[in-house]
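Data from entry_5.cif: mmCIF, C-alpha atoms
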```cif
data_coords
#
loop_
_atom_site.group_PDB
_atom_site.id
_atom_site.type_symbol
_atom_site.label_atom_id
_atom_site.label_comp_id
_atom_site.auth_asym_id
_atom_site.auth_seq_id
_atom_site.Cartn_x
_atom_site.Cartn_y
_atom_site.Cartn_z
ATOM 1 C CA MET M 30 121.947 65.433 146.722
ATOM 2 C CA THR M 31 123.121 68.145 144.391
ATOM 3 C CA THR M 32 120.875 71.155 143.737
ATOM 4 C CA ARG M 33 119.887 69.728 140.372
ATOM 5 C CA GLU M 34 119.112 66.297 141.821
ATOM 6 C CA MET M 35 116.927 67.826 144.519
ATOM 7 C CA GLN M 36 115.137 69.988 141.976
ATOM 8 C CA ASP M 37 114.466 66.976 139.736
ATOM 9 C CA GLU M 38 113.036 65.068 142.681
ATOM 10 C CA ILE M 39 110.805 68.008 143.623
ATOM 11 C CA LEU M 40 109.495 68.186 140.069
ATOM 12 C CA ARG M 41 108.752 64.457 140.134
ATOM 13 C CA LEU M 42 107.097 64.491 143.555
ATOM 14 C CA LYS M 43 104.892 67.530 142.940
ATOM 15 C CA GLN M 44 103.590 65.837 139.809
ATOM 16 C CA GLU M 45 103.042 62.548 141.625
ATOM 17 C CA HIS M 46 101.219 64.161 144.565
ATOM 18 C CA GLY M 47 99.301 66.825 142.635
ATOM 19 C CA ILE M 48 100.938 69.824 144.290
ATOM 20 C CA CYS M 49 101.078 73.323 142.832
ATOM 21 C CA ILE M 50 104.157 75.270 143.985
ATOM 22 C CA LEU M 51 103.941 79.049 144.285
ATOM 23 C CA ALA M 52 107.161 81.042 144.691
ATOM 24 C CA HIS M 53 107.143 84.693 145.645
ATOM 25 C CA ALA M 54 109.561 86.843 143.676
ATOM 26 C CA TYR M 55 111.821 87.223 146.737
ATOM 27 C CA GLN M 56 112.535 83.497 146.934
ATOM 28 C CA SER M 57 115.906 82.182 145.756
ATOM 29 C CA HIS M 58 116.400 81.247 142.120
ATOM 30 C CA ASP M 59 116.707 77.517 142.800
ATOM 31 C CA ILE M 60 113.144 77.641 144.180
ATOM 32 C CA TRP M 61 111.944 79.704 141.210
ATOM 33 C CA GLU M 62 113.086 76.898 138.915
ATOM 34 C CA VAL M 63 110.784 74.289 140.505
ATOM 35 C CA ALA M 64 107.743 76.553 140.937
ATOM 36 C CA ASP M 65 104.601 76.412 138.841
ATOM 37 C CA TYR M 66 104.085 80.149 139.254
ATOM 38 C CA VAL M 67 106.386 83.001 140.312
ATOM 39 C CA GLY M 68 105.236 86.520 141.115
ATOM 40 C CA ASP M 69 103.745 88.948 143.614
ATOM 41 C CA SER M 70 101.564 87.661 146.431
ATOM 42 C CA PHE M 71 98.082 88.423 145.096
ATOM 43 C CA GLY M 72 98.885 87.299 141.569
ATOM 44 C CA LEU M 73 100.063 83.989 142.989
ATOM 45 C CA SER M 74 96.817 83.502 144.909
ATOM 46 C CA GLN M 75 94.845 84.099 141.712
ATOM 47 C CA GLU M 76 96.950 81.528 139.852
ATOM 48 C CA ALA M 77 96.399 79.044 142.688
ATOM 49 C CA ALA M 78 92.633 79.490 142.385
ATOM 50 C CA LYS M 79 92.807 78.592 138.680
ATOM 51 C CA ALA M 80 95.282 75.719 139.106
ATOM 52 C CA PRO M 81 93.932 72.182 138.680
ATOM 53 C CA GLN M 82 95.797 70.875 141.744
ATOM 54 C CA ASP M 83 93.969 70.551 145.062
ATOM 55 C CA THR M 84 97.112 71.089 147.156
ATOM 56 C CA ILE M 85 99.001 74.384 147.102
ATOM 57 C CA LEU M 86 102.464 75.022 148.537
ATOM 58 C CA MET M 87 103.249 78.693 149.160
ATOM 59 C CA CYS M 88 106.956 79.513 149.214
ATOM 60 C CA GLY M 89 106.593 82.914 150.776
ATOM 61 C CA VAL M 90 105.264 84.275 154.065
ATOM 62 C CA ARG M 91 102.150 83.667 156.136
ATOM 63 C CA PHE M 92 99.804 86.409 154.885
ATOM 64 C CA MET M 93 100.422 85.169 151.327
ATOM 65 C CA ALA M 94 99.376 81.632 152.236
ATOM 66 C CA GLU M 95 96.299 83.065 153.976
ATOM 67 C CA THR M 96 95.338 84.941 150.808
ATOM 68 C CA VAL M 97 95.627 81.723 148.828
ATOM 69 C CA LYS M 98 93.289 80.021 151.310
ATOM 70 C CA ILE M 99 90.809 82.920 151.115
ATOM 71 C CA LEU M 100 90.556 82.586 147.330
ATOM 72 C CA SER M 101 90.689 78.748 147.380
ATOM 73 C CA PRO M 102 88.984 77.636 150.613
ATOM 74 C CA GLN M 103 88.299 74.177 149.200
ATOM 75 C CA LYS M 104 92.000 73.471 148.637
ATOM 76 C CA ARG M 105 94.695 72.407 151.078
ATOM 77 C CA VAL M 106 97.194 75.241 151.437
ATOM 78 C CA PHE M 107 100.626 74.834 153.018
ATOM 79 C CA LEU M 108 103.206 77.428 154.060
ATOM 80 C CA SER M 109 106.666 76.102 153.268
ATOM 81 C CA HIS M 110 108.257 77.373 156.494
ATOM 82 C CA PRO M 111 106.058 77.829 159.601
ATOM 83 C CA ASP M 112 108.175 80.699 160.935
ATOM 84 C CA ALA M 113 108.039 82.767 157.743
ATOM 85 C CA GLY M 114 105.967 85.760 158.776
ATOM 86 C CA CYS M 115 105.779 89.378 157.659
ATOM 87 C CA PRO M 116 106.716 92.054 160.209
ATOM 88 C CA MET M 117 104.634 94.646 158.352
ATOM 89 C CA ALA M 118 101.535 92.448 158.354
ATOM 90 C CA ASP M 119 101.949 91.910 162.087
ATOM 91 C CA GLN M 120 102.270 95.646 162.826
ATOM 92 C CA ALA M 121 98.585 96.367 162.255
ATOM 93 C CA GLU M 122 96.809 94.862 165.259
ATOM 94 C CA LEU M 123 93.036 94.476 165.125
ATOM 95 C CA GLU M 124 92.400 96.655 168.196
ATOM 96 C CA LEU M 125 94.574 99.474 166.834
ATOM 97 C CA VAL M 126 92.744 99.584 163.518
ATOM 98 C CA LEU M 127 89.366 99.491 165.273
ATOM 99 C CA ARG M 128 90.438 102.552 167.284
ATOM 100 C CA LEU M 129 91.535 104.301 164.085
ATOM 101 C CA LYS M 130 88.156 103.555 162.523
ATOM 102 C CA GLU M 131 86.455 105.183 165.510
ATOM 103 C CA GLN M 132 88.770 108.179 165.213
ATOM 104 C CA TYR M 133 88.085 108.572 161.473
ATOM 105 C CA PRO M 134 84.510 107.307 160.991
ATOM 106 C CA ASP M 135 84.051 109.004 157.615
ATOM 107 C CA TYR M 136 87.114 107.366 156.053
ATOM 108 C CA THR M 137 87.233 104.330 153.758
ATOM 109 C CA VAL M 138 89.722 101.870 155.257
ATOM 110 C CA ALA M 139 92.133 100.564 152.616
ATOM 111 C CA ALA M 140 94.230 97.556 153.600
ATOM 112 C CA TYR M 141 97.457 96.769 151.810
ATOM 113 C CA ILE M 142 97.477 93.114 150.758
ATOM 114 C CA ASN M 143 100.370 92.706 153.231
ATOM 115 C CA THR M 144 97.966 92.317 156.159
ATOM 116 C CA THR M 145 96.552 89.354 158.039
ATOM 117 C CA ALA M 146 93.313 87.690 156.985
ATOM 118 C CA GLU M 147 91.741 88.724 160.286
ATOM 119 C CA LEU M 148 92.567 92.384 159.738
ATOM 120 C CA LYS M 149 91.094 92.364 156.232
ATOM 121 C CA THR M 150 87.691 91.480 157.741
ATOM 122 C CA ILE M 151 87.327 94.973 159.257
ATOM 123 C CA CYS M 152 88.593 96.892 156.216
ATOM 124 C CA ASP M 153 86.605 98.211 153.274
ATOM 125 C CA VAL M 154 88.915 97.475 150.376
ATOM 126 C CA CYS M 155 92.231 95.769 149.716
ATOM 127 C CA VAL M 156 95.015 97.028 147.436
ATOM 128 C CA THR M 157 98.313 95.783 146.040
ATOM 129 C CA SER M 158 101.352 97.928 145.350
ATOM 130 C CA SER M 159 100.629 97.718 141.619
ATOM 131 C CA SER M 160 96.884 98.450 141.875
ATOM 132 C CA ALA M 161 96.686 100.904 144.802
ATOM 133 C CA VAL M 162 96.517 104.099 142.727
ATOM 134 C CA LYS M 163 93.875 102.725 140.369
ATOM 135 C CA ILE M 164 91.753 101.192 143.139
ATOM 136 C CA LEU M 165 91.815 104.194 145.473
ATOM 137 C CA ARG M 166 91.128 106.599 142.609
ATOM 138 C CA ALA M 167 87.967 104.594 141.949
ATOM 139 C CA VAL M 168 86.793 104.776 145.592
ATOM 140 C CA GLU M 169 83.964 107.330 145.736
ATOM 141 C CA ASN M 170 84.853 108.508 149.226
ATOM 142 C CA PRO M 171 87.512 111.272 149.103
ATOM 143 C CA ASN M 172 88.741 110.247 152.571
ATOM 144 C CA ILE M 173 91.093 107.245 152.800
ATOM 145 C CA LEU M 174 92.595 105.617 155.892
ATOM 146 C CA PHE M 175 95.523 103.604 154.527
ATOM 147 C CA ILE M 176 97.074 100.759 156.536
ATOM 148 C CA PRO M 177 99.678 99.646 157.409
ATOM 149 C CA ASP M 178 102.473 101.017 155.177
ATOM 150 C CA CYS M 179 102.708 104.805 155.426
ATOM 151 C CA ASN M 180 105.471 104.888 152.770
ATOM 152 C CA LEU M 181 103.355 103.163 150.148
ATOM 153 C CA GLY M 182 100.438 105.305 151.305
ATOM 154 C CA ASP M 183 102.463 108.491 150.858
ATOM 155 C CA TRP M 184 103.473 107.461 147.328
ATOM 156 C CA VAL M 185 99.824 106.773 146.439
ATOM 157 C CA ALA M 186 98.639 110.020 148.040
ATOM 158 C CA LYS M 187 101.046 112.091 145.933
ATOM 159 C CA GLN M 188 99.361 110.707 142.814
ATOM 160 C CA LEU M 189 95.840 111.279 144.127
ATOM 161 C CA PRO M 190 95.867 114.920 145.304
ATOM 162 C CA ASP M 191 92.061 115.094 145.317
ATOM 163 C CA LYS M 192 91.925 112.516 148.125
ATOM 164 C CA GLN M 193 92.460 113.136 151.833
ATOM 165 C CA PHE M 194 94.709 110.449 153.353
ATOM 166 C CA ARG M 195 95.347 109.348 156.895
ATOM 167 C CA PHE M 196 98.062 106.806 157.639
ATOM 168 C CA MET M 197 99.026 104.261 160.214
ATOM 169 C CA GLN M 198 102.739 104.556 161.031
ATOM 170 C CA GLY M 199 103.788 101.132 159.776
ATOM 171 C CA GLY M 200 105.962 99.858 156.977
ATOM 172 C CA CYS M 201 108.332 97.256 155.598
ATOM 173 C CA PRO M 202 111.512 96.967 157.719
ATOM 174 C CA THR M 203 113.382 95.603 154.702
ATOM 175 C CA HIS M 204 112.631 98.448 152.298
ATOM 176 C CA VAL M 205 113.093 101.232 154.845
ATOM 177 C CA ARG M 206 116.741 100.187 155.260
ATOM 178 C CA MET M 207 117.474 102.043 152.024
ATOM 179 C CA ASN M 208 118.156 105.765 152.282
ATOM 180 C CA ILE M 209 119.430 108.811 150.395
ATOM 181 C CA ARG M 210 123.045 107.948 151.178
ATOM 182 C CA ASN M 211 122.561 104.602 149.434
ATOM 183 C CA VAL M 212 121.179 106.407 146.394
ATOM 184 C CA GLU M 213 124.049 108.889 146.286
ATOM 185 C CA LYS M 214 126.648 106.140 146.618
ATOM 186 C CA ALA M 215 125.007 103.954 143.963
ATOM 187 C CA ARG M 216 124.589 106.858 141.533
ATOM 188 C CA GLN M 217 128.243 107.760 141.944
ATOM 189 C CA ALA M 218 129.373 104.174 141.335
ATOM 190 C CA HIS M 219 126.983 103.602 138.411
ATOM 191 C CA PRO M 220 126.197 106.983 136.817
ATOM 192 C CA ASN M 221 124.565 105.459 133.724
ATOM 193 C CA ALA M 222 122.232 103.117 135.634
ATOM 194 C CA LYS M 223 118.492 103.640 136.024
ATOM 195 C CA LEU M 224 117.218 103.533 139.612
ATOM 196 C CA LEU M 225 114.179 101.262 140.043
ATOM 197 C CA VAL M 226 112.587 101.196 143.505
ATOM 198 C CA HIS M 227 109.598 99.735 145.304
ATOM 199 C CA PRO M 228 106.985 102.156 146.713
ATOM 200 C CA GLU M 229 107.499 100.639 150.177
ATOM 201 C CA CYS M 230 110.768 102.623 150.257
ATOM 202 C CA HIS M 231 110.961 105.889 152.187
ATOM 203 C CA PRO M 232 109.595 108.914 150.249
ATOM 204 C CA SER M 233 113.078 110.439 150.143
ATOM 205 C CA VAL M 234 114.194 107.410 148.101
ATOM 206 C CA THR M 235 111.200 107.106 145.783
ATOM 207 C CA ALA M 236 111.523 110.819 144.985
ATOM 208 C CA LEU M 237 114.934 110.133 143.417
ATOM 209 C CA ALA M 238 113.962 107.061 141.404
ATOM 210 C CA ASP M 239 113.655 106.748 137.639
ATOM 211 C CA TYR M 240 110.877 104.198 138.138
ATOM 212 C CA VAL M 241 108.694 103.311 141.139
ATOM 213 C CA GLY M 242 106.631 100.147 141.052
ATOM 214 C CA SER M 243 105.800 96.724 142.409
ATOM 215 C CA THR M 244 108.273 93.864 142.272
ATOM 216 C CA THR M 245 106.768 92.507 139.067
ATOM 217 C CA GLY M 246 106.715 96.044 137.699
ATOM 218 C CA ILE M 247 110.435 96.421 138.390
ATOM 219 C CA LEU M 248 111.127 93.070 136.730
ATOM 220 C CA SER M 249 109.081 94.014 133.668
ATOM 221 C CA TYR M 250 110.659 97.454 133.388
ATOM 222 C CA ALA M 251 114.201 96.097 133.527
ATOM 223 C CA LYS M 252 113.452 93.379 130.969
ATOM 224 C CA SER M 253 111.737 95.655 128.445
ATOM 225 C CA SER M 254 113.755 98.864 128.817
ATOM 226 C CA PRO M 255 116.642 99.445 126.357
ATOM 227 C CA GLU M 256 119.001 100.691 129.088
ATOM 228 C CA GLN M 257 121.841 98.353 130.007
ATOM 229 C CA GLU M 258 122.413 99.148 133.697
ATOM 230 C CA TYR M 259 120.017 99.252 136.654
ATOM 231 C CA ILE M 260 120.188 99.943 140.382
ATOM 232 C CA ILE M 261 117.552 97.794 142.079
ATOM 233 C CA GLY M 262 115.819 99.263 145.119
ATOM 234 C CA THR M 263 113.926 96.270 146.408
ATOM 235 C CA GLU M 264 114.754 92.895 147.991
ATOM 236 C CA ASN M 265 118.183 91.872 146.736
ATOM 237 C CA SER M 266 117.105 88.509 145.319
ATOM 238 C CA ILE M 267 115.607 90.490 142.423
ATOM 239 C CA VAL M 268 119.143 91.432 141.369
ATOM 240 C CA GLN M 269 120.027 87.763 140.946
ATOM 241 C CA HIS M 270 116.787 86.929 139.142
ATOM 242 C CA LEU M 271 117.328 89.733 136.648
ATOM 243 C CA GLN M 272 120.904 88.577 136.069
ATOM 244 C CA PHE M 273 119.499 85.220 134.961
ATOM 245 C CA THR M 274 116.715 86.772 132.898
ATOM 246 C CA CYS M 275 118.830 89.470 131.250
ATOM 247 C CA PRO M 276 122.436 88.201 131.272
ATOM 248 C CA ASP M 277 123.555 90.922 128.865
ATOM 249 C CA LYS M 278 122.481 93.702 131.244
ATOM 250 C CA ARG M 279 124.023 94.759 134.555
ATOM 251 C CA PHE M 280 122.167 94.996 137.855
ATOM 252 C CA TYR M 281 123.311 96.442 141.164
ATOM 253 C CA PRO M 282 121.645 96.372 144.609
ATOM 254 C CA LEU M 283 120.794 99.783 146.031
ATOM 255 C CA SER M 284 121.722 98.495 149.486
ATOM 256 C CA LEU M 285 123.455 95.319 150.600
ATOM 257 C CA ASP M 286 121.139 95.329 153.635
ATOM 258 C CA CYS M 287 117.893 95.041 151.655
ATOM 259 C CA VAL M 288 117.299 91.394 152.552
ATOM 260 C CA CYS M 289 113.980 89.945 153.739
ATOM 261 C CA HIS M 290 115.062 87.416 156.341
ATOM 262 C CA ASN M 291 111.581 85.894 156.542
ATOM 263 C CA MET M 292 111.628 85.115 152.832
ATOM 264 C CA LYS M 293 115.090 83.639 153.152
ATOM 265 C CA LEU M 294 113.895 81.124 155.768
ATOM 266 C CA THR M 295 112.542 78.865 153.009
ATOM 267 C CA THR M 296 115.205 76.749 151.341
ATOM 268 C CA LEU M 297 115.096 74.274 148.480
ATOM 269 C CA ALA M 298 115.403 71.493 151.071
ATOM 270 C CA ASP M 299 112.243 72.801 152.777
ATOM 271 C CA VAL M 300 110.410 72.596 149.465
ATOM 272 C CA TYR M 301 111.700 69.064 148.967
ATOM 273 C CA ARG M 302 110.426 67.952 152.385
ATOM 274 C CA CYS M 303 107.085 69.638 151.796
ATOM 275 C CA VAL M 304 106.358 67.848 148.523
ATOM 276 C CA LYS M 305 107.769 64.551 149.806
ATOM 277 C CA GLU M 306 105.908 64.471 153.115
ATOM 278 C CA GLN M 307 103.254 67.186 152.635
ATOM 279 C CA SER M 308 104.884 68.930 155.564
ATOM 280 C CA GLY M 309 105.217 72.647 156.201
ATOM 281 C CA GLU M 310 102.245 74.225 157.987
ATOM 282 C CA GLU M 311 98.741 73.737 156.691
ATOM 283 C CA ILE M 312 96.745 76.978 156.758
ATOM 284 C CA HIS M 313 93.343 76.822 158.458
ATOM 285 C CA LEU M 314 90.994 79.816 158.545
ATOM 286 C CA ASP M 315 87.516 80.043 160.055
ATOM 287 C CA ALA M 316 84.681 80.406 157.560
ATOM 288 C CA ASP M 317 83.755 83.861 158.871
ATOM 289 C CA ILE M 318 87.356 85.056 158.499
ATOM 290 C CA ILE M 319 87.438 83.799 154.912
ATOM 291 C CA ALA M 320 84.107 85.455 154.112
ATOM 292 C CA GLY M 321 85.047 88.785 155.713
ATOM 293 C CA ALA M 322 88.482 88.955 154.142
ATOM 294 C CA LYS M 323 87.153 87.943 150.737
ATOM 295 C CA ARG M 324 84.639 90.796 150.841
ATOM 296 C CA CYS M 325 87.574 93.204 151.164
ATOM 297 C CA ILE M 326 89.410 91.547 148.262
ATOM 298 C CA ASP M 327 86.266 91.347 146.103
ATOM 299 C CA GLU M 328 85.832 95.107 146.463
ATOM 300 C CA MET M 329 89.346 95.578 145.106
ATOM 301 C CA LEU M 330 88.519 93.400 142.114
ATOM 302 C CA ARG M 331 85.231 95.250 141.532
ATOM 303 C CA LEU M 332 86.896 98.669 141.578
ATOM 304 C CA GLY M 333 89.738 97.481 139.392
ATOM 305 C CA SER M 334 87.632 95.781 136.740
#
```
Show me the file's structure as structure tokens.
Amino acid sequence: MTTREMQDEILRLKQEHGICILAHAYQSHDIWEVADYVGDSFGLSQEAAKAPQDTILMCGVRFMAETVKILSPQKRVFLSHPDAGCPMADQAELELVLRLKEQYPDYTVAAYINTTAELKTICDVCVTSSSAVKILRAVENPNILFIPDCNLGDWVAKQLPDKQFRFMQGGCPTHVRMNIRNVEKARQAHPNAKLLVHPECHPSVTALADYVGSTTGILSYAKSSPEQEYIIGTENSIVQHLQFTCPDKRFYPLSLDCVCHNMKLTTLADVYRCVKEQSGEEIHLDADIIAGAKRCIDEMLRLGS
């Protein structure tokens, strides 16, 4: 099969079997082209909840598929590649966070969406990279325990000086590969380019950026801004996607090493097998896990409304 032939067959099979395909923004462009929805993890789970299909295929990583199941417990949810996990989500173990809660009993526990469903059950509120500032500003408690990404937490804390933050020392191993030397080298090579970075980057990198925001925020900024050149400080697939979306503009990766290997596990052939055979891994969560995690997510939606 050629790429186009496989894509055509995926489009036919997903229609025949009533499957909604979700593709995270870090997936390859050939997967984007067969997806029903493309975006950040929580936005995808919201689209899945509204979709008419009863079967959802998540082309992403495990915590994303779990979030889909939390918001759509009545639907069958599949993860396209069983080994596609998230190292950051796995950093925050339940016992560790319980100890932190005992250590800081007067703190509201804010969980980044990049956490397991089980962990969300013991947290007070969930946040995304795009909503964290707004949500945590709305929390009445001035004391916030932010888990697991201390880099995102630091970026949020700088914008909320009236809050007292405590952090767990976790983070995204992909985004922390980028450093000041990468910025200096990229600026020297492309002096007219705007630097757009994700808040999961180290504070020394975000401090030098022209724009800091979520993946969808970076995509939107690059598409709507009049500038013609951009250095992209997030997973390198975004460079390729923007080249397709804005072929008249130029995009450069901040670091050649900014690659999420878990995201890259899923291939177009995996998607083909999933829609043909309903393979992949079906996500099953206990009812109490779903209820506890949804409470955390519902609080985010309440504060953000």
Next on the checklist: As an exercise, work out the distance from atom CA of Ala298 of chain M to atom CA of His270 of chain M in Å and give it to one decimal place.
Outcome noted: 19.6 Å
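Between atom CA of Thr203 of chain M and atom CA of Thr96 of chain M there is a distance of 21.3 Å.
If all atoms listed in the file are the atoms counted, then among M:Ala140, M:Leu285, M:Ile151, M:Leu181 the closest residue to Asn211 of chain M is M:Leu285.
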Next on the checklist: Can you spell out as a PyMOL selection string the set of residues that the PyMOL selection byres ((chain M and resi 166) around 12) selects in the structure I just provided?
Outcome noted: chain M and resi 139+156+160-165+167-173+185-194+329+332-333
Item to check | Explicit residues for the PyMOL selection byres ((chain M and resi 207) around 8) (as a ChimeraX atom specification) | outcome: /M:204-206,208-209,211,230-231,234,262,283-284,286-287
Next on the checklist: If we count all atoms listed in the file and set the cut-off at 7 Å, which residues sit around Tyr259 of chain M, ignoring sequence neighbours fewer than 4 positions away in its own chain? Please answer as a PyMOL selection string.
Outcome noted: chain M and resi 222-224+279-281
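The nearest approach to Leu42 of chain M among the residues M:Ser249, M:Gln307, M:Asn180, M:Thr295, with all atoms listed in the file taken into account, belongs to M:Gln307.
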Considering all atoms listed in the file, return as a tab-separated table (two decimals) with C-alpha atoms, in the coordinates of the input whatever protein or nucleic-acid residues lie within 8 Å of segment 243-245 of chain M, sequence-local ones (same chain, fewer than 5 positions apart) excluded.
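Written output follows (result-v9.tsv):
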```tsv
chain	number	residue	atom	x	y	z
M	54	ALA	CA	109.56	86.84	143.68
M	68	GLY	CA	105.24	86.52	141.12
M	69	ASP	CA	103.74	88.95	143.61
M	158	SER	CA	101.35	97.93	145.35
M	159	SER	CA	100.63	97.72	141.62
M	227	HIS	CA	109.60	99.74	145.30
M	228	PRO	CA	106.98	102.16	146.71
M	263	THR	CA	113.93	96.27	146.41
```
Next on the checklist: Need to verify the contact set: segment 78-81 of chain M, 12 Å, all atoms listed in the file, exclusion of same-chain residues closer than 6 positions in sequence. Can you return it as a VMD selection string?
Outcome noted: chain M and resid 44 47 to 51 65 to 66 71 to 72 96 to 106
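Restricting the calculation to all atoms listed in the file, the smallest distance between His58 of chain M and any of M:Ser74, M:Thr137, M:Thr145, M:Thr32 is found for M:Thr32.
Using all atoms listed in the file for every distance, the candidate list M:Gln272, M:Ser253, M:Asn291, M:Asn143 yields M:Asn143 as the residue closest to Pro177 of chain M.
Residue nearest Gln120 of chain M within the list M:Thr84, M:Thr150, M:Thr144, M:Thr296: M:Thr144 [criterion: smallest interatomic distance, all atoms listed in the file].
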Next on the checklist: Need to verify the contact set: Tyr301 of chain M, 9 Å, all atoms listed in the file, exclusion of same-chain residues closer than 5 positions in sequence. Can you return it as a count of residues only?
Outcome noted: 7
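Within 12 Å of Asp277 of chain M, once only C-alpha atoms are used and residues closer than 6 positions along the same chain are dropped, the contacting residues are Ala251, Lys252, Pro255, Glu256, Gln257, Glu258, Tyr259 and Leu271 of chain M.
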Checklist entry - So, counting all atoms listed in the file, which residue among M:Cys88, M:Val67, M:Ala52, M:Cys115 is closest to Leu248 of chain M? => result M:Val67
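With atom CA of Tyr240 of chain M on one side and atom CA of Arg216 of chain M on the other, the separation reads 14.4 Å.
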Item to check | Expected selection from the PyMOL selection byres ((chain M and resi 325) around 6), given as a PyMOL selection string | outcome: chain M and resi 153-155+322-324+326-328
Please produce an output containing C-alpha atoms for each residue in the selection, written as a PDB file, in the coordinates of the input.
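Result file follows (out_16.pdb):
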```pdb
ATOM      1  CA  ASP M 153      86.605  98.211 153.274  1.00  0.00           C
ATOM      2  CA  VAL M 154      88.915  97.475 150.376  1.00  0.00           C
ATOM      3  CA  CYS M 155      92.231  95.769 149.716  1.00  0.00           C
ATOM      4  CA  ALA M 322      88.482  88.955 154.142  1.00  0.00           C
ATOM      5  CA  LYS M 323      87.153  87.943 150.737  1.00  0.00           C
ATOM      6  CA  ARG M 324      84.639  90.796 150.841  1.00  0.00           C
ATOM      7  CA  ILE M 326      89.410  91.547 148.262  1.00  0.00           C
ATOM      8  CA  ASP M 327      86.266  91.347 146.103  1.00  0.00           C
ATOM      9  CA  GLU M 328      85.832  95.107 146.463  1.00  0.00           C
TER      10      GLU M 328
END
```
Report as JSON the centre and the edge lengths, in Å to one decimal, of the axis-aligned box holding every listed atom of segment 250-266 of chain M, padded by 3 Å on each side.
```
{"center_x": 116.5, "center_y": 94.6, "center_z": 137.2, "size_x": 17.8, "size_y": 18.2, "size_z": 27.6}
```
Rebuild segment 37-51 of chain M so that it carries N, CA and C atoms, then output the result as an mmCIF file, in the frame of the given file.
```cif
data_model
loop_
_atom_site.group_PDB
_atom_site.id
_atom_site.type_symbol
_atom_site.label_atom_id
_atom_site.label_comp_id
_atom_site.auth_asym_id
_atom_site.auth_seq_id
_atom_site.Cartn_x
_atom_site.Cartn_y
_atom_site.Cartn_z
ATOM 1 N N ASP M 37 115.103 68.015 140.547
ATOM 2 C CA ASP M 37 114.466 66.976 139.736
ATOM 3 C C ASP M 37 113.503 66.146 140.573
ATOM 4 N N GLU M 38 113.902 65.858 141.807
ATOM 5 C CA GLU M 38 113.036 65.068 142.681
ATOM 6 C C GLU M 38 111.797 65.865 143.089
ATOM 7 N N ILE M 39 111.959 67.156 143.315
ATOM 8 C CA ILE M 39 110.805 68.008 143.623
ATOM 9 C C ILE M 39 109.835 68.030 142.456
ATOM 10 N N LEU M 40 110.351 68.168 141.252
ATOM 11 C CA LEU M 40 109.495 68.186 140.069
ATOM 12 C C LEU M 40 108.731 66.875 139.918
ATOM 13 N N ARG M 41 109.415 65.761 140.227
ATOM 14 C CA ARG M 41 108.752 64.457 140.134
ATOM 15 C C ARG M 41 107.682 64.313 141.203
ATOM 16 N N LEU M 42 108.011 64.680 142.433
ATOM 17 C CA LEU M 42 107.097 64.491 143.555
ATOM 18 C C LEU M 42 105.870 65.401 143.462
ATOM 19 N N LYS M 43 106.059 66.641 143.024
ATOM 20 C CA LYS M 43 104.892 67.530 142.940
ATOM 21 C C LYS M 43 103.912 67.030 141.875
ATOM 22 N N GLN M 44 104.453 66.423 140.821
ATOM 23 C CA GLN M 44 103.590 65.837 139.809
ATOM 24 C C GLN M 44 102.880 64.607 140.355
ATOM 25 N N GLU M 45 103.604 63.787 141.068
ATOM 26 C CA GLU M 45 103.042 62.548 141.625
ATOM 27 C C GLU M 45 101.951 62.823 142.648
ATOM 28 N N HIS M 46 102.150 63.871 143.478
ATOM 29 C CA HIS M 46 101.219 64.161 144.565
ATOM 30 C C HIS M 46 100.204 65.249 144.228
ATOM 31 N N GLY M 47 100.268 65.802 143.032
ATOM 32 C CA GLY M 47 99.301 66.825 142.635
ATOM 33 C C GLY M 47 99.443 68.106 143.423
ATOM 34 N N ILE M 48 100.665 68.619 143.513
ATOM 35 C CA ILE M 48 100.938 69.824 144.290
ATOM 36 C C ILE M 48 101.330 70.965 143.358
ATOM 37 N N CYS M 49 100.720 72.110 143.559
ATOM 38 C CA CYS M 49 101.078 73.323 142.832
ATOM 39 C C CYS M 49 102.005 74.156 143.718
ATOM 40 N N ILE M 50 103.181 74.498 143.216
ATOM 41 C CA ILE M 50 104.157 75.270 143.985
ATOM 42 C C ILE M 50 104.129 76.731 143.541
ATOM 43 N N LEU M 51 103.904 77.614 144.511
ATOM 44 C CA LEU M 51 103.941 79.049 144.285
ATOM 45 C C LEU M 51 105.218 79.609 144.898
#
```
